[in-house]
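Shown here: upload.csv, CSV, C-alpha atoms.
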chain,number,residue,atom,x,y,z
A,102,MET,CA,7.1,-12.9,-21.4
A,103,ARG,CA,9.4,-10.1,-20.2
A,104,GLN,CA,11.9,-9.1,-17.6
A,105,THR,CA,11.6,-6.1,-15.3
A,106,GLU,CA,13.8,-4.6,-12.6
A,107,ASN,CA,12.2,-3.5,-9.3
A,108,THR,CA,13.5,-1.8,-6.2
A,109,ALA,CA,11.9,-3.8,-3.3
A,110,ILE,CA,12.0,-4.9,0.3
A,111,VAL,CA,11.3,-8.5,1.3
A,112,LEU,CA,8.2,-8.4,3.6
A,113,ARG,CA,7.7,-12.2,4.0
A,114,TYR,CA,8.9,-15.5,2.6
A,115,ALA,CA,7.6,-19.1,2.6
A,116,ASN,CA,9.9,-22.0,1.9
A,117,TYR,CA,8.8,-23.9,-1.1
A,118,ARG,CA,10.0,-27.4,-2.3
A,119,ASP,CA,13.5,-28.3,-1.3
A,120,ASN,CA,15.5,-25.1,-2.3
A,121,ASP,CA,13.0,-22.4,-3.3
A,122,ARG,CA,11.1,-19.6,-1.6
A,123,MET,CA,8.0,-17.6,-2.4
A,124,LEU,CA,8.8,-14.0,-1.6
A,125,THR,CA,6.4,-11.2,-0.8
A,126,LEU,CA,8.1,-7.9,-1.9
A,127,LEU,CA,7.1,-4.3,-1.4
A,128,SER,CA,7.9,-2.2,-4.5
A,129,PRO,CA,7.4,1.6,-4.6
A,130,THR,CA,6.1,1.3,-8.2
A,131,ARG,CA,4.2,-2.0,-8.1
A,132,GLY,CA,3.0,-2.4,-4.5
A,133,ARG,CA,2.9,-5.9,-3.2
A,134,VAL,CA,4.6,-8.4,-5.5
A,135,GLU,CA,4.7,-12.2,-5.1
A,136,ALA,CA,7.7,-13.8,-6.8
A,137,LEU,CA,9.5,-17.2,-6.7
A,138,SER,CA,13.1,-17.2,-5.7
A,139,ARG,CA,14.2,-20.5,-7.3
A,140,GLY,CA,17.2,-22.3,-5.7
A,141,CYS,CA,17.8,-19.5,-3.2
A,142,ARG,CA,18.2,-21.9,-0.2
A,143,ARG,CA,21.2,-23.7,-1.7
A,144,PRO,CA,24.3,-22.7,0.3
A,145,ARG,CA,26.1,-21.0,-2.6
A,146,SER,CA,23.0,-19.4,-4.2
A,147,SER,CA,23.5,-15.8,-5.3
A,148,LEU,CA,19.9,-15.2,-4.2
A,149,LEU,CA,20.3,-16.4,-0.7
A,150,ASN,CA,20.8,-13.1,1.1
A,151,ALA,CA,18.3,-11.3,-1.2
A,152,SER,CA,15.6,-13.8,-0.2
A,153,GLU,CA,15.8,-13.0,3.6
A,154,LEU,CA,13.4,-10.8,5.5
A,155,PHE,CA,14.2,-7.0,5.4
A,156,ALA,CA,16.5,-7.4,2.3
A,157,LEU,CA,16.5,-4.3,0.2
A,158,GLY,CA,17.7,-4.3,-3.4
A,159,GLU,CA,17.1,-4.3,-7.1
A,160,TYR,CA,15.2,-7.4,-8.1
A,161,GLU,CA,15.2,-8.5,-11.7
A,162,LEU,CA,12.0,-10.4,-12.3
A,163,TYR,CA,11.0,-12.7,-15.2
A,164,GLU,CA,7.3,-12.4,-15.9
A,165,ARG,CA,5.4,-15.2,-17.6
A,166,GLY,CA,1.6,-15.0,-17.4
A,167,ASN,CA,0.7,-14.3,-13.8
A,168,HIS,CA,3.9,-15.8,-12.4
A,169,LEU,CA,7.0,-13.9,-11.4
A,170,THR,CA,10.4,-15.4,-10.9
A,171,VAL,CA,13.5,-13.7,-9.4
A,172,VAL,CA,16.3,-13.9,-12.0
A,173,SER,CA,18.9,-11.9,-10.1
A,174,ALA,CA,19.1,-9.4,-7.3
A,175,THR,CA,21.6,-6.7,-6.3
A,176,LEU,CA,21.5,-6.1,-2.6
A,177,THR,CA,21.5,-2.6,-1.2
A,178,GLU,CA,20.9,-3.3,2.5
A,179,THR,CA,20.1,-6.3,4.8
A,180,PHE,CA,19.5,-4.4,8.1
A,181,TYR,CA,21.5,-7.2,9.7
A,182,PRO,CA,22.0,-5.5,13.1
A,183,LEU,CA,18.3,-6.0,13.7
A,184,ARG,CA,19.0,-9.7,14.2
A,185,GLN,CA,21.3,-9.0,17.1
A,186,ASP,CA,18.5,-7.4,19.3
A,187,PHE,CA,15.3,-9.4,19.7
A,188,ASP,CA,13.1,-6.5,20.7
A,189,ARG,CA,14.2,-4.5,17.6
A,190,LEU,CA,13.9,-7.5,15.4
A,191,ALA,CA,10.3,-8.0,16.7
A,192,CYS,CA,9.5,-4.3,16.0
A,193,GLY,CA,11.0,-4.6,12.5
A,194,THR,CA,9.0,-7.7,11.7
A,195,TYR,CA,5.8,-6.0,12.9
A,196,LEU,CA,6.5,-3.1,10.4
A,197,LEU,CA,6.8,-5.6,7.6
A,198,GLY,CA,3.5,-7.2,8.6
A,199,LEU,CA,1.7,-3.8,8.6
A,200,CYS,CA,3.1,-3.0,5.1
A,201,GLU,CA,2.0,-6.4,3.8
A,202,ALA,CA,-1.5,-5.8,5.1
A,203,ALA,CA,-1.7,-2.4,3.4
A,204,ALA,CA,0.1,-2.8,0.0
A,205,GLN,CA,-2.0,-4.0,-2.9
A,206,PRO,CA,-0.7,-5.8,-6.0
A,207,GLY,CA,-0.2,-3.5,-9.0
A,208,GLU,CA,-0.8,-0.3,-7.0
A,209,PRO,CA,2.1,2.1,-6.5
A,210,ALA,CA,3.2,2.4,-2.8
A,211,ARG,CA,5.9,5.0,-2.9
A,212,GLU,CA,4.9,6.8,0.4
A,213,LEU,CA,4.5,3.5,2.2
A,214,PHE,CA,7.8,2.2,0.9
A,215,MET,CA,9.7,5.3,2.0
A,216,LEU,CA,8.0,5.2,5.4
A,217,LEU,CA,9.1,1.6,5.9
A,218,LEU,CA,12.7,2.3,4.6
A,219,HIS,CA,13.3,5.3,6.9
A,220,THR,CA,11.8,3.7,10.0
A,221,LEU,CA,13.8,0.4,9.5
A,222,SER,CA,16.9,2.5,9.0
A,223,ARG,CA,16.5,4.3,12.3
A,224,LEU,CA,15.4,1.2,14.1
A,225,THR,CA,18.5,-0.6,12.9
A,226,PHE,CA,21.3,2.0,12.9
A,227,SER,CA,20.4,4.4,15.7
A,228,ASP,CA,20.1,4.0,19.4
A,229,GLN,CA,16.6,5.7,19.4
A,230,GLU,CA,14.0,4.1,21.6
A,231,TRP,CA,11.7,1.8,19.7
A,232,LYS,CA,8.4,3.1,21.1
A,233,PRO,CA,8.4,6.6,19.6
A,234,LEU,CA,9.7,5.1,16.3
A,235,LEU,CA,6.7,2.8,16.1
A,236,ALA,CA,4.3,5.4,17.3
A,237,GLY,CA,5.5,7.8,14.5
A,238,PHE,CA,5.3,5.0,12.0
A,239,LEU,CA,1.8,4.2,13.0
A,240,LEU,CA,0.7,7.9,12.7
A,241,HIS,CA,2.1,8.2,9.2
A,242,TYR,CA,0.9,4.7,8.2
A,243,ALA,CA,-2.7,5.8,9.1
A,244,ALA,CA,-2.2,8.9,6.9
A,245,CYS,CA,-0.9,6.8,4.0
A,246,GLU,CA,-3.9,4.5,4.2
A,247,GLY,CA,-6.5,7.2,4.4
A,248,PHE,CA,-7.5,7.2,8.0
A,249,LYS,CA,-5.3,9.9,9.5
A,250,PRO,CA,-6.5,10.6,13.0
A,251,ARG,CA,-8.3,14.0,13.5
A,252,LEU,CA,-6.4,15.9,16.1
A,253,GLU,CA,-7.2,19.6,15.7
A,254,HIS,CA,-11.0,19.6,16.4
A,255,CYS,CA,-13.3,17.6,18.6
A,256,VAL,CA,-14.7,14.8,16.4
A,257,THR,CA,-18.1,15.2,18.1
A,258,CYS,CA,-18.9,18.9,18.4
A,259,GLY,CA,-16.3,20.3,16.0
A,260,ARG,CA,-14.8,22.8,18.5
A,261,ARG,CA,-11.1,23.6,17.9
A,262,LEU,CA,-9.1,22.0,20.7
A,263,ASP,CA,-7.0,24.0,23.0
A,264,GLY,CA,-3.4,22.7,23.0
A,265,GLU,CA,-3.3,22.5,26.8
A,266,GLU,CA,-6.6,20.9,27.6
A,267,GLN,CA,-7.3,17.3,28.6
A,268,VAL,CA,-8.7,15.4,25.6
A,269,TYR,CA,-9.9,11.8,24.8
A,270,PHE,CA,-9.5,9.5,21.8
A,271,ASP,CA,-12.5,8.2,20.1
A,272,GLN,CA,-11.5,5.0,18.3
A,273,VAL,CA,-14.7,4.8,16.3
A,274,GLU,CA,-14.6,8.4,15.0
A,275,GLY,CA,-10.9,8.3,14.6
A,276,GLY,CA,-9.8,11.4,16.5
A,277,LEU,CA,-9.8,13.5,19.6
A,278,CYS,CA,-12.8,14.8,21.5
A,279,CYS,CA,-13.1,17.4,24.2
A,280,HIS,CA,-13.9,16.8,27.9
A,281,GLY,CA,-17.5,17.9,27.4
A,282,CYS,CA,-18.2,15.3,24.6
A,283,ARG,CA,-16.4,12.4,26.2
A,284,VAL,CA,-18.2,9.1,26.7
A,285,PRO,CA,-17.3,5.9,28.7
A,286,GLY,CA,-14.7,3.8,27.0
A,287,GLN,CA,-12.7,6.5,25.4
A,288,THR,CA,-8.9,6.7,26.1
A,289,ALA,CA,-7.7,9.8,28.0
A,290,VAL,CA,-4.9,11.6,26.1
A,291,ALA,CA,-2.7,14.0,27.9
A,292,ALA,CA,-2.1,17.4,26.4
A,293,ALA,CA,1.6,16.6,25.8
A,294,GLN,CA,0.6,13.4,23.9
A,295,ALA,CA,-1.9,15.3,21.7
A,296,LYS,CA,0.8,17.9,21.0
A,297,TRP,CA,3.3,15.1,20.1
A,298,MET,CA,0.9,13.5,17.6
A,299,ARG,CA,0.2,16.9,15.9
A,300,LYS,CA,3.9,17.7,15.7
A,301,MET,CA,5.0,14.3,14.5
A,302,LEU,CA,2.5,14.2,11.7
A,303,GLN,CA,4.4,17.2,10.3
A,304,THR,CA,7.9,15.7,10.5
A,305,GLY,CA,9.9,12.8,9.1
A,306,SER,CA,11.3,9.9,11.2
A,307,SER,CA,14.2,12.0,12.4
A,308,GLY,CA,11.7,14.1,14.4
A,309,TRP,CA,9.9,11.3,16.1
A,310,VAL,CA,12.3,11.2,19.0
A,311,ASN,CA,13.1,14.8,19.9
A,312,GLU,CA,10.9,14.7,23.0
A,313,PRO,CA,10.6,12.1,25.8
A,314,ASP,CA,9.2,8.8,24.7
A,315,CYS,CA,6.5,9.0,27.3
A,316,TYR,CA,4.7,11.6,25.1
A,317,ALA,CA,4.4,9.0,22.3
A,318,PRO,CA,1.0,7.3,22.7
A,319,TYR,CA,2.2,4.0,21.2
A,320,THR,CA,-0.5,1.7,22.7
A,321,LEU,CA,-3.3,4.0,21.6
A,322,LEU,CA,-2.0,4.3,18.0
A,323,ARG,CA,-1.4,0.6,17.7
A,324,GLY,CA,-4.9,-0.2,18.7
A,325,PHE,CA,-6.3,2.5,16.4
A,326,VAL,CA,-4.4,1.1,13.4
A,327,GLU,CA,-4.9,-2.6,14.0
A,328,ALA,CA,-8.7,-2.1,14.5
A,329,ARG,CA,-8.9,-0.8,10.9
A,330,LEU,CA,-7.0,-3.7,9.3
A,331,ASP,CA,-8.9,-6.6,7.6
A,332,LYS,CA,-6.9,-9.2,9.5
A,333,PRO,CA,-4.6,-9.3,12.5
A,334,VAL,CA,-0.9,-8.8,12.1
A,335,ARG,CA,0.6,-12.1,13.4
A,336,SER,CA,4.0,-10.6,14.3
A,337,ALA,CA,2.2,-8.3,16.8
A,338,ALA,CA,2.5,-11.1,19.3
A,339,MET,CA,6.3,-10.8,19.2
A,340,LEU,CA,6.4,-7.1,20.2
A,341,PRO,CA,8.1,-6.1,23.4
A,342,ARG,CA,6.0,-5.7,26.5
A,343,GLU,CA,5.8,-2.1,27.7
Could I get this structure in the form of structure tokens?
Amino acid sequence: MRQTENTAIVLRYANYRDNDRMLTLLSPTRGRVEALSRGCRRPRSSLLNASELFALGEYELYERGNHLTVVSATLTETFYPLRQDFDRLACGTYLLGLCEAAAQPGEPARELFMLLLHTLSRLTFSDQEWKPLLAGFLLHYAACEGFKPRLEHCVTCGRRLDGEEQVYFDQVEGGLCCHGCRVPGQTAVAAAQAKWMRKMLQTGSSGWVNEPDCYAPYTLLRGFVEARLDKPVRSAAMLPRE
């Protein structure tokens, strides 16, 4: 039996009994954590706000065997403005679902945690368009999870791609191919879109919106990432229509 303190973001919750919730947390040091927030649904509970989606804070957990219980929590941020814009709320919920699908119990997830935190912050507190934000997130998410798209060379013949040529995306091979190697079913990628992806892989979230959002191949990257997940992300159904 011991108590530990963890910085974490609430990815999901499920109401339990009359006043409790089971929380799914993302911790940079412990990955995905399941913990019981006892009594949090009572109106005056000190854990009420810390047991909502998107809550970021320091969670003190009591560990007994394989069960974790939230003892106390100090909130850092709630990302409350997301709740005032349905489209941005849907995008934020989608990000939580992707992180839940990737994070593993007991495995550090520092890069994924910081990626989520920075993207949520820009989605909440800036007027930046949601599409390039999600596209940038998806690119870096793929890199975090070990399937970063190959963008510099043709995935079929290996030729280095000219930055101005028409290219195509091969979902199976996970990267771009040249005009000479293309086959039916591949998605055409404009030179400006390929350039955007190469550049955005080198920048943080502040750089994902420096160019027109039409350069961000959001649909392509979403399909690429979701095809590699073990199960569908339910919150994807809430995403805004393009």
| message | What's around A:Phe155 at 7 Å? Count all atoms listed in the file, leave out sequence neighbours fewer than 6 positions away in its own chain, and write the answer as a list in words. | response | Ile110, Val111, Leu112, Thr179 and Phe180 of chain A
(message) Counting all atoms listed in the file, which residues sit no farther than 12 Å from the position (10.1, -7.7, 5.7) in the file's frame? I'd like them as an MDAnalysis selection string.
(response) chainID A and resid 109:114 124:128 133 151:157 179:180 183 190:202 214 217:218 221 336
message = If I take atom CA of A:Ala338 and atom CA of A:Tyr181, how far is one from the other in Å, to one decimal?
response =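 Between these atoms lies a distance of 21.6 Å.
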Of A:Leu149, A:Met339, A:Cys315, A:Leu137, the one sitting nearest A:Pro233 when using only C-alpha atoms is A:Cys315
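Proximity to A:Leu176 was assessed for A:Gly140, A:Gly276, A:Pro250, A:Gly158 counting all atoms listed in the file; the smallest distance is recorded for A:Gly158.
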Discussion item. The residues within 10 Å of (-3.4, -4.3, 13.4), using only C-alpha atoms and the coordinates of the file, should be reported as a ChimeraX atom specification; which are they?
Written reply: /A:195,198-199,202,239,322-337
Residues as selected, C-alpha atoms, written as a PDB file, in the coordinates of the input, can you do that?
ATOM      1  CA  TYR A 195       5.800  -6.000  12.900  1.00  0.00           C
ATOM      2  CA  GLY A 198       3.500  -7.200   8.600  1.00  0.00           C
ATOM      3  CA  LEU A 199       1.700  -3.800   8.600  1.00  0.00           C
ATOM      4  CA  ALA A 202      -1.500  -5.800   5.100  1.00  0.00           C
ATOM      5  CA  LEU A 239       1.800   4.200  13.000  1.00  0.00           C
ATOM      6  CA  LEU A 322      -2.000   4.300  18.000  1.00  0.00           C
ATOM      7  CA  ARG A 323      -1.400   0.600  17.700  1.00  0.00           C
ATOM      8  CA  GLY A 324      -4.900  -0.200  18.700  1.00  0.00           C
ATOM      9  CA  PHE A 325      -6.300   2.500  16.400  1.00  0.00           C
ATOM     10  CA  VAL A 326      -4.400   1.100  13.400  1.00  0.00           C
ATOM     11  CA  GLU A 327      -4.900  -2.600  14.000  1.00  0.00           C
ATOM     12  CA  ALA A 328      -8.700  -2.100  14.500  1.00  0.00           C
ATOM     13  CA  ARG A 329      -8.900  -0.800  10.900  1.00  0.00           C
ATOM     14  CA  LEU A 330      -7.000  -3.700   9.300  1.00  0.00           C
ATOM     15  CA  ASP A 331      -8.900  -6.600   7.600  1.00  0.00           C
ATOM     16  CA  LYS A 332      -6.900  -9.200   9.500  1.00  0.00           C
ATOM     17  CA  PRO A 333      -4.600  -9.300  12.500  1.00  0.00           C
ATOM     18  CA  VAL A 334      -0.900  -8.800  12.100  1.00  0.00           C
ATOM     19  CA  ARG A 335       0.600 -12.100  13.400  1.00  0.00           C
ATOM     20  CA  SER A 336       4.000 -10.600  14.300  1.00  0.00           C
ATOM     21  CA  ALA A 337       2.200  -8.300  16.800  1.00  0.00           C
TER      22      ALA A 337
END
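The closest residue to A:Glu135, picked from A:Glu164, A:Glu246, A:Glu159, A:Asp186 and counting all atoms listed in the file, is A:Glu164.
Atom to atom, atom CA of A:Gly286 and atom CA of A:Gln303 stand 28.7 Å apart.
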Interatomic distance between atom CA of A:Glu208 and atom CA of A:Gly132?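 Atom CA of A:Gly132 lies at a distance of 5.0 Å from atom CA of A:Glu208.
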Atoms are missing here; could stretch 135-146 of chain A be completed with all heavy atoms and written as a JSON list (two decimals), in the coordinates of the input?
[["chain", "number", "residue", "atom", "x", "y", "z"],
["A", 135, "GLU", "N", 4.42, -10.83, -5.50],
["A", 135, "GLU", "CA", 4.70, -12.20, -5.10],
["A", 135, "GLU", "C", 5.63, -12.80, -6.20],
["A", 135, "GLU", "O", 5.29, -12.77, -7.38],
["A", 135, "GLU", "CB", 3.44, -13.04, -5.01],
["A", 135, "GLU", "CG", 2.35, -12.44, -4.12],
["A", 135, "GLU", "CD", 2.68, -12.50, -2.65],
["A", 135, "GLU", "OE1", 3.56, -13.30, -2.27],
["A", 135, "GLU", "OE2", 2.06, -11.75, -1.86],
["A", 136, "ALA", "N", 6.79, -13.31, -5.78],
["A", 136, "ALA", "CA", 7.70, -13.80, -6.80],
["A", 136, "ALA", "C", 8.44, -15.07, -6.22],
["A", 136, "ALA", "O", 8.73, -15.16, -5.02],
["A", 136, "ALA", "CB", 8.76, -12.76, -7.14],
["A", 137, "LEU", "N", 8.74, -15.99, -7.11],
["A", 137, "LEU", "CA", 9.50, -17.20, -6.70],
["A", 137, "LEU", "C", 10.96, -16.98, -6.84],
["A", 137, "LEU", "O", 11.46, -16.52, -7.86],
["A", 137, "LEU", "CB", 9.06, -18.36, -7.68],
["A", 137, "LEU", "CG", 9.80, -19.69, -7.48],
["A", 137, "LEU", "CD1", 9.48, -20.30, -6.13],
["A", 137, "LEU", "CD2", 9.45, -20.66, -8.61],
["A", 138, "SER", "N", 11.66, -17.27, -5.74],
["A", 138, "SER", "CA", 13.10, -17.20, -5.70],
["A", 138, "SER", "C", 13.63, -18.64, -5.81],
["A", 138, "SER", "O", 13.76, -19.34, -4.81],
["A", 138, "SER", "CB", 13.62, -16.50, -4.45],
["A", 138, "SER", "OG", 15.01, -16.37, -4.46],
["A", 139, "ARG", "N", 13.91, -19.07, -7.03],
["A", 139, "ARG", "CA", 14.20, -20.50, -7.30],
["A", 139, "ARG", "C", 15.69, -20.78, -6.87],
["A", 139, "ARG", "O", 16.61, -20.06, -7.25],
["A", 139, "ARG", "CB", 14.00, -20.81, -8.74],
["A", 139, "ARG", "CG", 14.20, -22.27, -9.09],
["A", 139, "ARG", "CD", 13.72, -22.59, -10.49],
["A", 139, "ARG", "NE", 12.27, -22.62, -10.58],
["A", 139, "ARG", "CZ", 11.56, -21.99, -11.50],
["A", 139, "ARG", "NH1", 12.15, -21.24, -12.40],
["A", 139, "ARG", "NH2", 10.24, -22.09, -11.52],
["A", 140, "GLY", "N", 15.85, -21.84, -6.08],
["A", 140, "GLY", "CA", 17.20, -22.30, -5.70],
["A", 140, "GLY", "C", 17.87, -21.43, -4.65],
["A", 140, "GLY", "O", 19.04, -21.64, -4.35],
["A", 141, "CYS", "N", 17.16, -20.48, -4.05],
["A", 141, "CYS", "CA", 17.80, -19.50, -3.20],
["A", 141, "CYS", "C", 18.29, -20.15, -1.85],
["A", 141, "CYS", "O", 19.15, -19.58, -1.16],
["A", 141, "CYS", "CB", 16.87, -18.36, -2.84],
["A", 141, "CYS", "SG", 15.41, -18.83, -1.86],
["A", 142, "ARG", "N", 17.79, -21.31, -1.49],
["A", 142, "ARG", "CA", 18.20, -21.90, -0.20],
["A", 142, "ARG", "C", 19.40, -22.83, -0.34],
["A", 142, "ARG", "O", 19.87, -23.39, 0.64],
["A", 142, "ARG", "CB", 16.98, -22.70, 0.36],
["A", 142, "ARG", "CG", 15.83, -21.78, 0.77],
["A", 142, "ARG", "CD", 14.53, -22.53, 0.91],
["A", 142, "ARG", "NE", 14.58, -23.55, 1.94],
["A", 142, "ARG", "CZ", 13.74, -24.58, 2.02],
["A", 142, "ARG", "NH1", 12.80, -24.74, 1.10],
["A", 142, "ARG", "NH2", 13.84, -25.45, 3.00],
["A", 143, "ARG", "N", 19.93, -22.94, -1.54],
["A", 143, "ARG", "CA", 21.20, -23.70, -1.70],
["A", 143, "ARG", "C", 22.30, -22.82, -1.07],
["A", 143, "ARG", "O", 22.32, -21.59, -1.22],
["A", 143, "ARG", "CB", 21.48, -23.92, -3.16],
["A", 143, "ARG", "CG", 20.49, -24.87, -3.83],
["A", 143, "ARG", "CD", 21.00, -25.31, -5.20],
["A", 143, "ARG", "NE", 20.06, -26.23, -5.84],
["A", 143, "ARG", "CZ", 19.19, -25.87, -6.79],
["A", 143, "ARG", "NH1", 19.16, -24.60, -7.20],
["A", 143, "ARG", "NH2", 18.37, -26.75, -7.31],
["A", 144, "PRO", "N", 23.26, -23.44, -0.41],
["A", 144, "PRO", "CA", 24.30, -22.70, 0.30],
["A", 144, "PRO", "C", 25.04, -21.65, -0.50],
["A", 144, "PRO", "O", 25.39, -20.60, 0.02],
["A", 144, "PRO", "CB", 25.23, -23.80, 0.82],
["A", 144, "PRO", "CG", 24.36, -25.02, 0.91],
["A", 144, "PRO", "CD", 23.39, -24.90, -0.21],
["A", 145, "ARG", "N", 25.29, -21.91, -1.75],
["A", 145, "ARG", "CA", 26.10, -21.00, -2.60],
["A", 145, "ARG", "C", 25.21, -20.17, -3.53],
["A", 145, "ARG", "O", 25.74, -19.55, -4.47],
["A", 145, "ARG", "CB", 27.15, -21.75, -3.34],
["A", 145, "ARG", "CG", 28.18, -22.41, -2.43],
["A", 145, "ARG", "CD", 29.30, -23.03, -3.22],
["A", 145, "ARG", "NE", 30.29, -23.67, -2.35],
["A", 145, "ARG", "CZ", 31.39, -24.27, -2.77],
["A", 145, "ARG", "NH1", 31.65, -24.32, -4.08],
["A", 145, "ARG", "NH2", 32.23, -24.82, -1.92],
["A", 146, "SER", "N", 23.94, -20.14, -3.31],
["A", 146, "SER", "CA", 23.00, -19.40, -4.20],
["A", 146, "SER", "C", 23.31, -17.90, -4.14],
["A", 146, "SER", "O", 23.47, -17.34, -3.05],
["A", 146, "SER", "CB", 21.59, -19.68, -3.87],
["A", 146, "SER", "OG", 20.73, -18.82, -4.60]]
